[in-house]
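Here's the structure, in C-alpha cells; my notes come after.
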Amino acid sequence: MAGSRITVRVGERQLTLSNLEKVLYPRHGFTKGEVLDYYTRIAPVLLPHLRDRAVTFVRFPDGVGGGSFFEKDVSRHAPDWVRTARLAVGGRGQEPELVAYPLLDDLPGLVWAANLAALELHVHQWTVGPGDERRTPDRLVFDLDPGPGATVVDCCRVAERLHDVLVQDGFTPIAKTSGSKGMQLYVGVVTADGGEPSRYAKALAERLAAQTPELVVARMTKNLRPGKVFIDWSQNNPHKTTVAPYSLRGRDEPTVSAPVTWDEVRACRHVTHLRFTAGEVLRRVEDHGDLFADLEHTRVPIPAIG
C-alpha cells in the first residue's frame, strides 16, 4: 500500500520504516526496501569506515529522478539515540554556526539514515574525538574525475602512476570507484597538521600534470579538462567530504562506491569493468572481504615535499 509503515526492531532500537515499496531507482525498479536491505547487509564492512566520522547525507525522497538535497544538520528530526557531533561550519566571510552532524556508528543509525532515502553517505578525512573535537586527518585522498571525452579507463591509467609514486613514498594506496564516472585513491596518514595532506596531494597532482599534460590536469578550470583526468587534491580540505566506501550513489542504477584491487585497476579497459551495483558489491564482499580494511592499519607520516 502507498504510504505503508512498519515497525521493526534493529538491535536494541525500535524503528518505524515507511514506503518500502517506493521505487527509488525507476530504471531498475530498485525500491526503498531494497535500499534498506542493501545497507543492512553491507553494514559489517561499511560501519567501520563511518565510525566517528561526521556524515553528510544526500537524500532522494522522490527517487533518483526526483531531485536531491544535502543534509548535514539532523538536529530537528534525529531520534535522541542517534549520536551527533556539534561542529562549527562556516567560512568565506560567514559567521560560524554549530551543526549537529550524524555519526553512524551502528546498524540502527544506518537503517534510520536509509529510511530517510539518504542514498549517499559522504564523510570527511578526519574523525571526531571526545567533546566533539575535530581530530587531524587520518586519510589522504586523490579524487580522479574524468573530463568530457575521458572515462574511468583514463582514471585507471592515472591511478597506476599515482600508485607507484605513493608506494615509493612509503604508503599503501587503496583504490575505489566513485560509483559514478571516476574513482578515488586513499592512503592512511599520520599528521599533526590539518593542512599537510592538501599540500602533499597538490604537489603530487601538479607533478603528474607537468609530466603528462595531455592526460592529467591539477586545476579545476573547466576549459582545461576535456579529454583529461582532473586530480582533485582539494578533497583533503578539512571542510570537504568524499563519498564513503560502500555507499550507494544517486545515479540511474543503484551503483556503489566500491573498493577494487590493483589487479582490477590495471586490467580495466572499458567503462563497465569497474561499475558495480548493490547486488554485485554484496557478492564481492562475500568473495573478497573488505578491500578497504587495510587503510586503517597502514597509516604512516606524510613525507616532505621534494
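We name chains A, B, ... following the order of the C-alpha cells; residues begin at 1 in each chain, and ligands are numbered from 1 as shown.
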
Closest atom pairs, stretch 168-196 of chain A residues within 12 Å of stretch 268-273 of chain A, only C-alpha atoms, as CSV:
residue,atom,partner,partner_atom,distance
A:Thr177,CA,A:His273,CA,10.6
A:Gly179,CA,A:Thr272,CA,11.3
A:Ser180,CA,A:Val271,CA,10.4
A:Lys181,CA,A:Val271,CA,8.5
A:Gly182,CA,A:Val271,CA,9.7
A:Met183,CA,A:Val271,CA,11.6

Please identify all polymer residues within 8 Å of A:Leu104, counting only C-alpha atoms, omitting same-chain residues fewer than 6 positions from it, and present them as a PDB file with C-alpha atoms, in the first residue's frame.
ATOM      1  CA  LEU A  47      30.255   0.841   9.540  1.00  0.00           C
ATOM      2  CA  LEU A  50      31.905   5.591   9.072  1.00  0.00           C
ATOM      3  CA  ARG A  51      32.746   5.247  12.745  1.00  0.00           C
ATOM      4  CA  ASP A  52      33.441   8.593  14.446  1.00  0.00           C
ATOM      5  CA  ARG A  53      33.126  10.467  11.136  1.00  0.00           C
ATOM      6  CA  VAL A  55      28.309  12.204   7.873  1.00  0.00           C
ATOM      7  CA  VAL A  82      21.378   8.804  17.174  1.00  0.00           C
ATOM      8  CA  ARG A  83      24.796  10.098  18.092  1.00  0.00           C
ATOM      9  CA  LEU A 110      22.447   3.278   9.380  1.00  0.00           C
TER      10      LEU A 110
END

List as a compact mmCIF listing (two decimals) with N, CA and C atoms, in the first residue's frame the protein and nucleic acid residues near A:Leu107, meaning an atom at most 10 Å away when only C-alpha atoms are counted, but skip any in the same chain fewer than 3 places from it.
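And here is the file that came out, part_14.txt:
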# COMPACT_ATOMS: atom_id res chain seq x y z
N VAL A 10 15.68 -3.21 15.36
CA VAL A 10 17.04 -3.30 14.82
C VAL A 10 17.99 -3.20 15.99
N GLY A 11 18.63 -4.30 16.33
CA GLY A 11 19.45 -4.30 17.53
C GLY A 11 18.59 -4.01 18.74
N GLU A 12 18.96 -2.99 19.49
CA GLU A 12 18.21 -2.62 20.68
C GLU A 12 17.22 -1.49 20.41
N ARG A 13 17.06 -1.11 19.15
CA ARG A 13 16.21 0.04 18.82
C ARG A 13 14.97 -0.40 18.06
N TYR A 39 21.82 -1.73 2.70
CA TYR A 39 22.59 -1.11 3.79
C TYR A 39 22.65 -2.01 5.03
N THR A 40 21.62 -2.77 5.26
CA THR A 40 21.65 -3.70 6.39
C THR A 40 22.68 -4.80 6.17
N ARG A 41 22.74 -5.31 4.95
CA ARG A 41 23.66 -6.41 4.66
C ARG A 41 25.11 -5.95 4.50
N ILE A 42 25.31 -4.73 4.04
CA ILE A 42 26.68 -4.24 3.84
C ILE A 42 27.24 -3.62 5.13
N ALA A 43 26.40 -3.45 6.14
CA ALA A 43 26.81 -2.76 7.37
C ALA A 43 28.10 -3.29 8.01
N PRO A 44 28.33 -4.61 8.06
CA PRO A 44 29.56 -5.07 8.73
C PRO A 44 30.85 -4.51 8.13
N LEU A 46 30.78 -1.60 6.03
CA LEU A 46 30.62 -0.15 5.88
C LEU A 46 30.83 0.59 7.20
N LEU A 47 30.25 0.10 8.28
CA LEU A 47 30.26 0.84 9.54
C LEU A 47 31.65 1.17 10.06
N LEU A 104 27.19 7.75 12.29
CA LEU A 104 26.52 6.47 12.13
C LEU A 104 27.45 5.35 12.58
N LEU A 110 22.34 3.43 10.83
CA LEU A 110 22.45 3.28 9.38
C LEU A 110 21.07 3.03 8.76
N VAL A 111 20.26 2.18 9.41
CA VAL A 111 18.91 1.91 8.91
C VAL A 111 18.06 3.17 8.99
N TRP A 112 18.20 3.92 10.08
CA TRP A 112 17.47 5.19 10.20
C TRP A 112 17.81 6.12 9.02
N ALA A 113 19.10 6.22 8.68
CA ALA A 113 19.51 7.08 7.56
C ALA A 113 18.94 6.57 6.25

Counting only C-alpha atoms, which residues in stretch 178-209 of chain A sit no more than 7 Å from stretch 229-241 of chain A? For each one, give the nearest pair of atoms and the distance in Å, sorted by chain then residue number, as a tab-separated table.
residue	atom	partner	partner_atom	distance
A:Pro197	CA	A:Asn236	CA	6.1
A:Ser198	CA	A:Asn236	CA	5.1
A:Ala201	CA	A:Trp233	CA	5.2
A:Lys202	CA	A:Trp233	CA	5.3
A:Ala205	CA	A:Ile231	CA	5.9

### Task
Using backbone DSSP assignments, extract all strand (DSSP E or B) residues from stretch 242-272 of chain A; output them as a PyMOL selection string.
chain A and resi 242-243+248+255-256+259-260

### Which residue of A:Asp263, A:Glu253, A:Glu296, A:Glu34 approaches A:Ala159 most closely, using only C-alpha atoms
A:Asp263
